[in-house]
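Shown below: work_15.cif, with mmCIF, C-alpha atoms.
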data_entry
loop_
_atom_site.group_PDB
_atom_site.id
_atom_site.type_symbol
_atom_site.label_atom_id
_atom_site.label_comp_id
_atom_site.auth_asym_id
_atom_site.auth_seq_id
_atom_site.Cartn_x
_atom_site.Cartn_y
_atom_site.Cartn_z
ATOM 1 C CA MET A 1 22.916 265.226 -80.642
ATOM 2 C CA SER A 2 22.527 265.297 -76.899
ATOM 3 C CA VAL A 3 23.247 268.610 -75.183
ATOM 4 C CA ILE A 4 23.767 266.903 -71.839
ATOM 5 C CA ASP A 5 27.353 266.345 -70.785
ATOM 6 C CA TRP A 6 26.921 262.851 -69.360
ATOM 7 C CA GLN A 7 30.512 262.832 -68.121
ATOM 8 C CA SER A 8 29.643 265.395 -65.482
ATOM 9 C CA PHE A 9 26.090 264.258 -64.726
ATOM 10 C CA PRO A 10 25.076 263.792 -62.002
ATOM 11 C CA PRO A 11 27.296 266.474 -60.404
ATOM 12 C CA ARG A 12 30.284 264.954 -58.648
ATOM 13 C CA MET A 13 30.141 264.974 -54.889
ATOM 14 C CA LYS A 14 33.324 265.650 -52.972
ATOM 15 C CA ARG A 15 34.432 262.619 -50.970
ATOM 16 C CA VAL A 16 35.039 263.521 -47.328
ATOM 17 C CA ILE A 17 36.276 261.167 -44.635
ATOM 18 C CA HIS A 18 34.430 261.105 -41.308
ATOM 19 C CA LEU A 19 36.196 259.989 -38.136
ATOM 20 C CA ALA A 20 33.885 259.307 -35.179
ATOM 21 C CA LEU A 21 36.110 259.572 -32.108
ATOM 22 C CA GLY A 22 33.507 258.890 -29.425
ATOM 23 C CA GLN A 23 34.301 260.517 -26.065
ATOM 24 C CA THR A 24 37.889 261.527 -25.429
ATOM 25 C CA THR A 25 40.036 264.107 -23.688
ATOM 26 C CA TYR A 26 40.424 267.495 -25.288
ATOM 27 C CA ALA A 27 44.206 267.128 -25.386
ATOM 28 C CA ARG A 28 44.093 263.919 -27.399
ATOM 29 C CA ALA A 29 41.544 265.190 -29.917
ATOM 30 C CA TYR A 30 43.459 268.478 -30.194
ATOM 31 C CA ALA A 31 46.681 266.628 -31.052
ATOM 32 C CA LEU A 32 44.820 264.623 -33.674
ATOM 33 C CA GLN A 33 43.305 267.794 -35.162
ATOM 34 C CA HIS A 34 46.755 269.320 -35.502
ATOM 35 C CA GLU A 35 48.137 266.235 -37.185
ATOM 36 C CA LEU A 36 45.196 266.074 -39.610
ATOM 37 C CA HIS A 37 45.584 269.793 -40.346
ATOM 38 C CA ARG A 38 49.260 269.286 -41.128
ATOM 39 C CA MET A 39 48.428 266.309 -43.358
ATOM 40 C CA ARG A 40 45.682 268.263 -45.170
ATOM 41 C CA CYS A 41 47.988 271.257 -45.722
ATOM 42 C CA GLN A 42 50.648 268.988 -47.206
ATOM 43 C CA GLY A 43 48.165 267.175 -49.421
ATOM 44 C CA GLU A 44 48.622 263.818 -47.670
ATOM 45 C CA ILE A 45 44.859 263.550 -47.156
ATOM 46 C CA GLY A 46 41.743 265.164 -48.602
ATOM 47 C CA ASP A 47 39.035 266.944 -46.664
ATOM 48 C CA ILE A 48 38.214 265.197 -43.429
ATOM 49 C CA LEU A 49 35.958 265.799 -40.453
ATOM 50 C CA ILE A 50 35.924 264.660 -36.855
ATOM 51 C CA THR A 51 32.952 264.206 -34.575
ATOM 52 C CA VAL A 52 33.682 263.896 -30.878
ATOM 53 C CA GLU A 53 32.334 264.357 -27.356
ATOM 54 C CA HIS A 54 34.975 265.813 -25.074
ATOM 55 C CA ASP A 55 35.589 265.098 -21.434
ATOM 56 C CA PRO A 56 34.682 268.312 -19.553
ATOM 57 C CA VAL A 57 36.964 271.170 -20.630
ATOM 58 C CA PHE A 58 37.021 274.942 -21.005
ATOM 59 C CA THR A 59 38.690 276.314 -24.126
ATOM 60 C CA ILE A 60 39.589 279.949 -24.641
ATOM 61 C CA GLY A 61 39.908 281.409 -28.141
ATOM 62 C CA ARG A 62 42.214 284.187 -29.270
ATOM 63 C CA SER A 63 39.882 287.013 -28.259
ATOM 64 C CA GLY A 64 39.024 285.507 -24.882
ATOM 65 C CA SER A 65 40.414 285.564 -21.383
ATOM 66 C CA ARG A 66 40.305 283.676 -18.098
ATOM 67 C CA ALA A 67 38.356 286.612 -16.688
ATOM 68 C CA ASN A 68 35.269 284.910 -18.115
ATOM 69 C CA ILE A 69 35.689 281.955 -15.775
ATOM 70 C CA ARG A 70 33.202 282.847 -13.056
ATOM 71 C CA VAL A 71 34.422 280.446 -10.368
ATOM 72 C CA SER A 72 37.622 280.433 -8.343
ATOM 73 C CA GLU A 73 40.666 278.503 -9.508
ATOM 74 C CA GLN A 74 40.146 276.091 -6.589
ATOM 75 C CA GLU A 75 36.528 275.493 -7.527
ATOM 76 C CA ARG A 76 37.471 274.849 -11.143
ATOM 77 C CA GLN A 77 40.161 272.390 -10.128
ATOM 78 C CA ARG A 78 37.790 270.659 -7.719
ATOM 79 C CA ALA A 79 35.394 270.179 -10.640
ATOM 80 C CA GLY A 80 38.308 268.662 -12.571
ATOM 81 C CA ILE A 81 37.835 270.841 -15.647
ATOM 82 C CA PRO A 82 41.070 271.807 -17.415
ATOM 83 C CA VAL A 83 41.506 274.991 -19.457
ATOM 84 C CA TYR A 84 43.142 275.195 -22.875
ATOM 85 C CA GLU A 85 44.046 278.429 -24.640
ATOM 86 C CA ILE A 86 43.841 277.655 -28.327
ATOM 87 C CA GLU A 87 44.103 279.308 -31.733
ATOM 88 C CA ARG A 88 40.440 279.451 -32.731
ATOM 89 C CA GLY A 89 38.454 282.670 -32.866
ATOM 90 C CA GLY A 90 36.067 283.714 -30.125
ATOM 91 C CA ASP A 91 36.164 283.702 -26.343
ATOM 92 C CA ILE A 92 35.647 280.951 -23.771
ATOM 93 C CA THR A 93 33.392 277.935 -24.150
ATOM 94 C CA TYR A 94 32.673 274.647 -22.442
ATOM 95 C CA HIS A 95 32.775 271.190 -24.003
ATOM 96 C CA GLY A 96 31.585 268.050 -22.276
ATOM 97 C CA PRO A 97 29.615 264.833 -22.553
ATOM 98 C CA GLY A 98 26.236 265.318 -24.239
ATOM 99 C CA GLN A 99 27.596 267.916 -26.645
ATOM 100 C CA LEU A 100 28.204 267.048 -30.294
ATOM 101 C CA VAL A 101 31.433 268.630 -31.485
ATOM 102 C CA CYS A 102 32.410 268.598 -35.147
ATOM 103 C CA TYR A 103 35.766 269.702 -36.558
ATOM 104 C CA PRO A 104 35.862 269.916 -40.357
ATOM 105 C CA ILE A 105 39.424 270.089 -41.659
ATOM 106 C CA ILE A 106 38.819 271.316 -45.171
ATOM 107 C CA ASP A 107 40.594 273.514 -47.702
ATOM 108 C CA LEU A 108 38.463 276.639 -48.155
ATOM 109 C CA ARG A 109 40.135 277.313 -51.512
ATOM 110 C CA ASP A 110 37.790 274.578 -52.786
ATOM 111 C CA TYR A 111 34.750 276.358 -51.332
ATOM 112 C CA GLY A 112 35.123 279.896 -52.655
ATOM 113 C CA ARG A 113 37.612 281.245 -50.071
ATOM 114 C CA ASP A 114 34.759 282.809 -48.147
ATOM 115 C CA ILE A 115 34.967 282.709 -44.353
ATOM 116 C CA LYS A 116 31.562 284.262 -43.796
ATOM 117 C CA ARG A 117 29.931 281.730 -46.105
ATOM 118 C CA TYR A 118 31.724 278.893 -44.323
ATOM 119 C CA ILE A 119 30.457 280.027 -40.913
ATOM 120 C CA ALA A 120 26.948 280.568 -42.306
ATOM 121 C CA SER A 121 27.045 277.022 -43.747
ATOM 122 C CA LEU A 122 27.944 275.512 -40.364
ATOM 123 C CA GLU A 123 25.142 277.531 -38.773
ATOM 124 C CA GLN A 124 22.669 276.429 -41.435
ATOM 125 C CA ALA A 125 23.493 272.758 -40.871
ATOM 126 C CA MET A 126 22.647 273.200 -37.178
ATOM 127 C CA ILE A 127 19.498 275.244 -37.861
ATOM 128 C CA ASN A 128 18.340 272.403 -40.122
ATOM 129 C CA LEU A 129 19.319 269.933 -37.410
ATOM 130 C CA CYS A 130 17.073 271.718 -34.891
ATOM 131 C CA ALA A 131 14.233 271.587 -37.424
ATOM 132 C CA ASN A 132 14.500 267.773 -37.413
ATOM 133 C CA TRP A 133 13.202 267.973 -33.835
ATOM 134 C CA GLU A 134 10.739 270.742 -34.732
ATOM 135 C CA VAL A 135 12.791 273.311 -32.876
ATOM 136 C CA SER A 136 12.876 276.711 -34.558
ATOM 137 C CA ALA A 137 16.428 278.068 -34.377
ATOM 138 C CA ASP A 138 18.081 281.057 -35.987
ATOM 139 C CA ARG A 139 21.152 283.239 -36.348
ATOM 140 C CA ARG A 140 21.722 286.446 -34.452
ATOM 141 C CA ALA A 141 23.465 289.284 -36.301
ATOM 142 C CA GLY A 142 26.922 289.928 -34.926
ATOM 143 C CA TYR A 143 26.875 286.825 -32.717
ATOM 144 C CA PRO A 144 27.887 283.728 -34.710
ATOM 145 C CA GLY A 145 26.292 280.520 -33.459
ATOM 146 C CA VAL A 146 22.741 279.176 -33.366
ATOM 147 C CA TRP A 147 20.050 280.544 -31.097
ATOM 148 C CA VAL A 148 16.632 279.391 -29.897
ATOM 149 C CA GLY A 149 14.980 282.609 -28.833
ATOM 150 C CA GLU A 150 17.304 284.291 -26.352
ATOM 151 C CA ARG A 151 19.181 281.091 -25.556
ATOM 152 C CA LYS A 152 22.155 279.685 -27.422
ATOM 153 C CA ILE A 153 22.130 276.042 -28.499
ATOM 154 C CA ALA A 154 25.307 275.903 -30.579
ATOM 155 C CA SER A 155 28.646 277.674 -30.728
ATOM 156 C CA ILE A 156 31.189 278.197 -33.472
ATOM 157 C CA GLY A 157 34.921 278.833 -33.301
ATOM 158 C CA VAL A 158 37.296 278.284 -36.192
ATOM 159 C CA SER A 159 40.903 278.852 -37.172
ATOM 160 C CA VAL A 160 42.186 278.941 -40.742
ATOM 161 C CA ARG A 161 45.834 278.550 -41.699
ATOM 162 C CA HIS A 162 46.986 278.093 -45.295
ATOM 163 C CA TRP A 163 43.228 278.249 -46.010
ATOM 164 C CA VAL A 164 42.696 274.917 -44.204
ATOM 165 C CA THR A 165 40.161 275.000 -41.371
ATOM 166 C CA GLN A 166 40.489 273.702 -37.852
ATOM 167 C CA HIS A 167 38.085 273.599 -34.886
ATOM 168 C CA GLY A 168 34.426 274.070 -35.811
ATOM 169 C CA LEU A 169 31.078 273.706 -34.086
ATOM 170 C CA ALA A 170 29.625 272.512 -30.782
ATOM 171 C CA PHE A 171 25.938 271.589 -30.546
ATOM 172 C CA ASN A 172 24.297 271.076 -27.144
ATOM 173 C CA VAL A 173 22.292 267.865 -27.107
ATOM 174 C CA ASP A 174 22.198 267.204 -23.355
ATOM 175 C CA VAL A 175 25.050 269.066 -21.747
ATOM 176 C CA SER A 176 25.789 270.048 -18.126
ATOM 177 C CA LYS A 177 24.178 273.361 -17.177
ATOM 178 C CA GLU A 178 26.299 273.440 -14.008
ATOM 179 C CA HIS A 179 29.521 273.398 -15.983
ATOM 180 C CA PHE A 180 28.332 276.075 -18.426
ATOM 181 C CA ALA A 181 27.309 278.215 -15.433
ATOM 182 C CA MET A 182 30.969 278.321 -14.375
ATOM 183 C CA ILE A 183 31.801 280.613 -17.320
ATOM 184 C CA ASN A 184 30.418 283.496 -19.366
ATOM 185 C CA PRO A 185 30.060 281.542 -22.617
ATOM 186 C CA CYS A 186 31.589 283.498 -25.513
ATOM 187 C CA GLY A 187 32.385 286.202 -22.965
ATOM 188 C CA LEU A 188 28.705 287.096 -22.677
ATOM 189 C CA PRO A 189 26.147 286.732 -19.848
ATOM 190 C CA ILE A 190 24.027 284.390 -21.954
ATOM 191 C CA GLU A 191 22.051 281.275 -21.151
ATOM 192 C CA MET A 192 22.843 278.082 -22.988
ATOM 193 C CA VAL A 193 20.184 275.535 -23.850
ATOM 194 C CA SER A 194 20.293 271.865 -24.864
ATOM 195 C CA LEU A 195 18.094 270.109 -27.388
ATOM 196 C CA VAL A 196 16.695 267.871 -24.628
ATOM 197 C CA ASP A 197 15.334 270.975 -22.864
ATOM 198 C CA LEU A 198 13.179 271.672 -25.911
ATOM 199 C CA VAL A 199 12.058 268.180 -26.909
ATOM 200 C CA SER A 200 10.145 265.667 -24.797
ATOM 201 C CA ALA A 201 11.387 262.471 -26.499
ATOM 202 C CA PRO A 202 14.799 260.887 -25.787
ATOM 203 C CA ILE A 203 17.525 262.004 -28.216
ATOM 204 C CA PRO A 204 20.276 259.460 -28.973
ATOM 205 C CA MET A 205 23.589 261.153 -29.814
ATOM 206 C CA GLU A 206 24.048 258.799 -32.807
ATOM 207 C CA ASN A 207 20.852 260.160 -34.376
ATOM 208 C CA VAL A 208 21.931 263.762 -33.904
ATOM 209 C CA THR A 209 25.364 263.020 -35.351
ATOM 210 C CA GLN A 210 23.926 261.300 -38.414
ATOM 211 C CA ARG A 211 21.424 264.098 -39.045
ATOM 212 C CA LEU A 212 24.134 266.741 -38.734
ATOM 213 C CA LEU A 213 26.333 264.900 -41.233
ATOM 214 C CA ASP A 214 23.362 264.558 -43.598
ATOM 215 C CA HIS A 215 22.779 268.311 -43.520
ATOM 216 C CA MET A 216 26.464 269.098 -43.963
ATOM 217 C CA ALA A 217 26.640 266.700 -46.913
ATOM 218 C CA VAL A 218 23.836 268.573 -48.676
ATOM 219 C CA ILE A 219 25.119 272.058 -47.846
ATOM 220 C CA PHE A 220 28.764 271.402 -48.758
ATOM 221 C CA GLY A 221 28.165 268.872 -51.561
ATOM 222 C CA TRP A 222 29.870 266.004 -49.764
ATOM 223 C CA ASP A 223 29.815 262.258 -50.052
ATOM 224 C CA ILE A 224 30.745 261.469 -46.440
ATOM 225 C CA VAL A 225 32.520 258.161 -45.932
ATOM 226 C CA ALA A 226 33.091 256.815 -42.404
ATOM 227 C CA GLU A 227 36.584 255.548 -41.657
ATOM 228 C CA ASN A 228 38.016 253.864 -38.569
ATOM 229 C CA PRO A 229 40.043 256.527 -36.714
ATOM 230 C CA ASN A 230 42.585 253.999 -35.379
ATOM 231 C CA LYS A 231 45.165 254.530 -38.122
ATOM 232 C CA TYR A 232 45.065 258.277 -37.436
ATOM 233 C CA TRP A 233 45.210 257.781 -33.650
ATOM 234 C CA ARG A 234 48.339 255.694 -34.118
ATOM 235 C CA ARG A 235 50.081 258.731 -35.645
ATOM 236 C CA ILE A 236 49.807 260.647 -32.380
ATOM 237 C CA ASP A 237 49.763 257.824 -29.815
ATOM 238 C CA ASP A 238 52.979 256.168 -30.980
ATOM 239 C CA MET B 1 48.241 285.984 -49.054
ATOM 240 C CA GLU B 2 48.365 289.055 -51.198
ATOM 241 C CA ARG B 3 51.020 291.391 -52.433
ATOM 242 C CA ARG B 4 50.604 294.090 -55.026
ATOM 243 C CA ASP B 5 52.884 296.475 -56.888
ATOM 244 C CA ASP B 6 53.190 298.840 -53.926
ATOM 245 C CA ASN B 7 55.382 296.294 -52.077
ATOM 246 C CA CYS B 8 52.927 296.058 -49.230
ATOM 247 C CA LEU B 9 51.196 293.157 -47.541
ATOM 248 C CA HIS B 10 47.449 293.514 -48.064
ATOM 249 C CA LEU B 11 44.574 291.850 -46.269
ATOM 250 C CA PRO B 12 43.538 289.116 -48.707
ATOM 251 C CA ASP B 13 40.019 288.647 -50.004
ATOM 252 C CA LEU B 14 38.273 286.548 -47.331
ATOM 253 C CA GLY B 15 34.887 286.570 -49.067
ATOM 254 C CA GLU B 16 31.958 288.595 -47.797
ATOM 255 C CA VAL B 17 33.804 289.558 -44.639
ATOM 256 C CA ASP B 18 33.330 293.233 -43.725
ATOM 257 C CA GLU B 19 36.331 293.788 -41.522
ATOM 258 C CA VAL B 20 38.828 291.967 -39.349
ATOM 259 C CA VAL B 21 40.707 292.762 -36.159
ATOM 260 C CA ILE B 22 44.464 292.355 -36.104
ATOM 261 C CA VAL B 23 45.137 289.804 -33.337
ATOM 262 C CA GLU B 24 48.914 289.475 -33.417
ATOM 263 C CA TRP B 25 51.886 290.063 -35.664
ATOM 264 C CA LEU B 26 53.841 286.813 -35.872
ATOM 265 C CA LYS B 27 56.859 288.575 -37.430
ATOM 266 C CA GLY B 28 58.019 291.952 -36.153
ATOM 267 C CA GLU B 29 59.423 294.966 -37.982
ATOM 268 C CA GLY B 30 62.808 294.140 -39.436
ATOM 269 C CA ALA B 31 62.160 290.405 -39.453
ATOM 270 C CA ALA B 32 63.018 288.439 -42.569
ATOM 271 C CA PHE B 33 60.612 285.762 -43.770
ATOM 272 C CA ALA B 34 60.377 283.017 -46.355
ATOM 273 C CA ALA B 35 57.510 282.403 -48.764
ATOM 274 C CA GLY B 36 54.608 280.798 -46.891
ATOM 275 C CA ASP B 37 55.727 281.929 -43.425
ATOM 276 C CA ASP B 38 52.981 283.032 -41.034
ATOM 277 C CA LEU B 39 53.035 286.838 -40.827
ATOM 278 C CA VAL B 40 49.928 288.092 -39.060
ATOM 279 C CA GLU B 41 46.859 286.637 -37.389
ATOM 280 C CA VAL B 42 43.508 288.357 -37.894
ATOM 281 C CA GLU B 43 40.042 287.529 -36.562
ATOM 282 C CA THR B 44 36.516 287.879 -37.899
ATOM 283 C CA GLU B 45 33.237 285.979 -37.400
ATOM 284 C CA LYS B 46 34.732 283.873 -34.564
ATOM 285 C CA THR B 47 37.410 282.775 -36.995
ATOM 286 C CA THR B 48 41.113 283.426 -36.839
ATOM 287 C CA PHE B 49 42.961 283.580 -40.145
ATOM 288 C CA ILE B 50 46.715 283.517 -40.633
ATOM 289 C CA VAL B 51 47.967 285.750 -43.432
ATOM 290 C CA ASP B 52 51.093 284.143 -44.819
ATOM 291 C CA ALA B 53 53.965 285.513 -46.863
ATOM 292 C CA PRO B 54 53.472 285.675 -50.631
ATOM 293 C CA ALA B 55 57.243 285.551 -51.202
ATOM 294 C CA ALA B 56 60.462 285.896 -49.221
ATOM 295 C CA GLY B 57 61.153 289.352 -47.847
ATOM 296 C CA ARG B 58 61.392 291.547 -44.794
ATOM 297 C CA ILE B 59 58.842 293.551 -42.837
ATOM 298 C CA GLU B 60 59.862 297.198 -43.015
ATOM 299 C CA HIS B 61 56.973 298.869 -41.284
ATOM 300 C CA ILE B 62 53.774 297.572 -39.699
ATOM 301 C CA LEU B 63 50.837 299.758 -40.738
ATOM 302 C CA ARG B 64 48.035 298.093 -38.741
ATOM 303 C CA LYS B 65 48.883 297.148 -35.186
ATOM 304 C CA ALA B 66 47.283 294.509 -32.960
ATOM 305 C CA GLY B 67 43.791 295.569 -31.927
ATOM 306 C CA GLU B 68 43.241 297.739 -35.008
ATOM 307 C CA LYS B 69 40.671 296.933 -37.674
ATOM 308 C CA ALA B 70 41.241 296.346 -41.390
ATOM 309 C CA ARG B 71 39.173 295.684 -44.480
ATOM 310 C CA VAL B 72 39.867 293.454 -47.447
ATOM 311 C CA GLY B 73 42.632 294.997 -49.580
ATOM 312 C CA ASP B 74 43.907 297.295 -46.829
ATOM 313 C CA ARG B 75 47.674 297.654 -46.506
ATOM 314 C CA LEU B 76 48.867 295.849 -43.386
ATOM 315 C CA ALA B 77 52.640 296.304 -43.681
ATOM 316 C CA GLU B 78 55.343 297.663 -45.936
ATOM 317 C CA LEU B 79 57.699 294.965 -47.174
ATOM 318 C CA SER B 80 61.070 294.839 -48.848
ATOM 319 C CA SER B 81 62.348 291.948 -50.900
#
As structure tokens - that is how I would like this structure written.
Amino acid sequence: MSVIDWQSFPPRMKRVIHLALGQTTYARAYALQHELHRMRCQGEIGDILITVEHDPVFTIGRSGSRANIRVSEQERQRAGIPVYEIERGGDITYHGPGQLVCYPIIDLRDYGRDIKRYIASLEQAMINLCANWEVSADRRAGYPGVWVGERKIASIGVSVRHWVTQHGLAFNVDVSKEHFAMINPCGLPIEMVSLVDLVSAPIPMENVTQRLLDHMAVIFGWDIVAENPNKYWRRIDD
Amino acid sequence: MERRDDNCLHLPDLGEVDEVVIVEWLKGEGAAFAAGDDLVEVETEKTTFIVDAPAAGRIEHILRKAGEKARVGDRLAELSS
């Protein structure tokens, strides 16, 4: 008699919906995140993740402050970069074109209820992503995110309510140094770096996005299925 | 979400997290709450986490104030039902 339980072999992958939003304003993507979080909490949808490039924006987490904006209010307004104070952890960061942002909205009760492990998993996906371009990246104890030497290539900021995550990761592919220089990222006097600074070949955003999703699928045990975001946009645009 | 026999709100098990910082109490002393209501926001590892109410009750006394640190299982507030 066979000892293999063929009903559970191969191991079942968790189906996760991926919405590729393209480039959009922070406000619009933020409203969509909130709606998806509400839907996930109420069991109307399963785990879902967004990828997006934001129009230039500064966001400040719950332990941050506007004191880490290094330019005057006039200069910031002249640059046309709005500021949002939001519920994620961490201090200030910049999002803009050329940066891959990913917001997993998942129920951590299905992943061992372990916040540290969740953050480490996001970091690992981005460390593996760097390795695809032969860039050696690592963690830094006490400073969540992904680092290449002394420079930071990716940031993390998350909020969890009813064990369902919101916000997530931001990976610099080819992002404005001038805009980052207007703040102390994460409240620290650190230098940010983009993947293009470390690699000589062109780097299409679509390739980076696909590689990131591939790594996340392996790490989290996901079968990621792309879905058209229009039906979700309609929920907030109507 | 955790409540034990001592009628206190405890910091729930968040995994391998060492300690958290209390960011903000979302209900004050004397406030009544329903099961599932947001009670207190904590932060660790660049992550904020909302501790919600295990059952309906009232906050009698806050034991860890905003800015203070707490570990998993620590008593955060005394409750009454």
Quick one: which chain B residues come within 7 Å of chain A, and what is the nearest atom pair for each with the distance in Å to one decimal, counting only C-alpha atoms, rows ordered by chain and ascending number, as a Markdown table?
| residue | atom | partner | partner_atom | distance |
| --- | --- | --- | --- | --- |
| B:Leu14 | CA | A:Asp114 | CA | 5.2 |
| B:Gly15 | CA | A:Asp114 | CA | 3.9 |
| B:Glu16 | CA | A:Lys116 | CA | 5.9 |
| B:Val17 | CA | A:Lys116 | CA | 5.8 |
| B:Glu43 | CA | A:Gly89 | CA | 6.3 |
| B:Glu45 | CA | A:Pro144 | CA | 6.4 |
| B:Lys46 | CA | A:Gly89 | CA | 4.3 |
| B:Thr47 | CA | A:Gly89 | CA | 4.3 |
| B:Thr48 | CA | A:Ser159 | CA | 4.6 |
| B:Phe49 | CA | A:Val160 | CA | 4.7 |
| B:Ile50 | CA | A:Arg161 | CA | 5.2 |
As a check of understanding, name the residues that the PyMOL selection byres ((chain B and resi 71) around 10) selects in the supplied structure, as a list of chain:residue names.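 On the file shown, the PyMOL selection byres ((chain B and resi 71) around 10) covers B:His10, B:Leu11, B:Pro12, B:Asp13, B:Leu14, B:Val17, B:Asp18, B:Glu19, B:Val20, B:Val21, B:Lys69, B:Ala70, B:Val72, B:Gly73, B:Asp74, B:Arg75, B:Leu76.
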Write the residues of the selection above to a file with C-alpha atoms, as an mmCIF file, in the coordinates of the input.
data_model
loop_
_atom_site.group_PDB
_atom_site.id
_atom_site.type_symbol
_atom_site.label_atom_id
_atom_site.label_comp_id
_atom_site.auth_asym_id
_atom_site.auth_seq_id
_atom_site.Cartn_x
_atom_site.Cartn_y
_atom_site.Cartn_z
ATOM 1 C CA HIS B 10 47.449 293.514 -48.064
ATOM 2 C CA LEU B 11 44.574 291.850 -46.269
ATOM 3 C CA PRO B 12 43.538 289.116 -48.707
ATOM 4 C CA ASP B 13 40.019 288.647 -50.004
ATOM 5 C CA LEU B 14 38.273 286.548 -47.331
ATOM 6 C CA VAL B 17 33.804 289.558 -44.639
ATOM 7 C CA ASP B 18 33.330 293.233 -43.725
ATOM 8 C CA GLU B 19 36.331 293.788 -41.522
ATOM 9 C CA VAL B 20 38.828 291.967 -39.349
ATOM 10 C CA VAL B 21 40.707 292.762 -36.159
ATOM 11 C CA LYS B 69 40.671 296.933 -37.674
ATOM 12 C CA ALA B 70 41.241 296.346 -41.390
ATOM 13 C CA VAL B 72 39.867 293.454 -47.447
ATOM 14 C CA GLY B 73 42.632 294.997 -49.580
ATOM 15 C CA ASP B 74 43.907 297.295 -46.829
ATOM 16 C CA ARG B 75 47.674 297.654 -46.506
ATOM 17 C CA LEU B 76 48.867 295.849 -43.386
#
Students should find that CA of Gln74 in chain A and CA of Ala27 in chain A are spaced 21.2 Å
I'd like the contact shell of Leu9 in chain B - 10 Å cut-off, all atoms listed in the file, skipping same-chain residues fewer than 2 positions apart - returned as JSON, numbers by chain. {"B": [1, 2, 3, 4, 6, 7, 11, 12, 39, 40, 51, 52, 53, 54, 59, 62, 63, 73, 74, 75, 76, 77, 78, 79]}
Report, in Å to a single decimal, how far apart CA of Trp222 in chain A and CA of Met13 in chain A are.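 That distance, rounded to one decimal, is 5.2 Å.
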Could you please determine the separation between CA of Arg64 in chain B and CA of Ser80 in chain B in Å, to one decimal place? 16.8 Å
Which polymer residues have any atom within 7 Å of an atom of range 213-218 of chain A, counting only C-alpha atoms, with same-chain residues fewer than 6 positions away left out, as number ranges by chain? A: 125, 128, 224
Find the residues near Asp138 in chain A: any atom within 10 Å, counting all atoms listed in the file, skip ones fewer than 6 places away on the same chain, and give them as a VMD selection string. chain A and resid 123 to 124 126 to 128 130 145 to 149 152 to 153
Best match for closeness to Arg58 in chain B among B:Ala32, B:Asp37, B:Cys8, B:Leu26, counting all atoms listed in the file: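 Comparing B:Ala32, B:Asp37, B:Cys8, B:Leu26 against Arg58 in chain B, the winner is B:Ala32.
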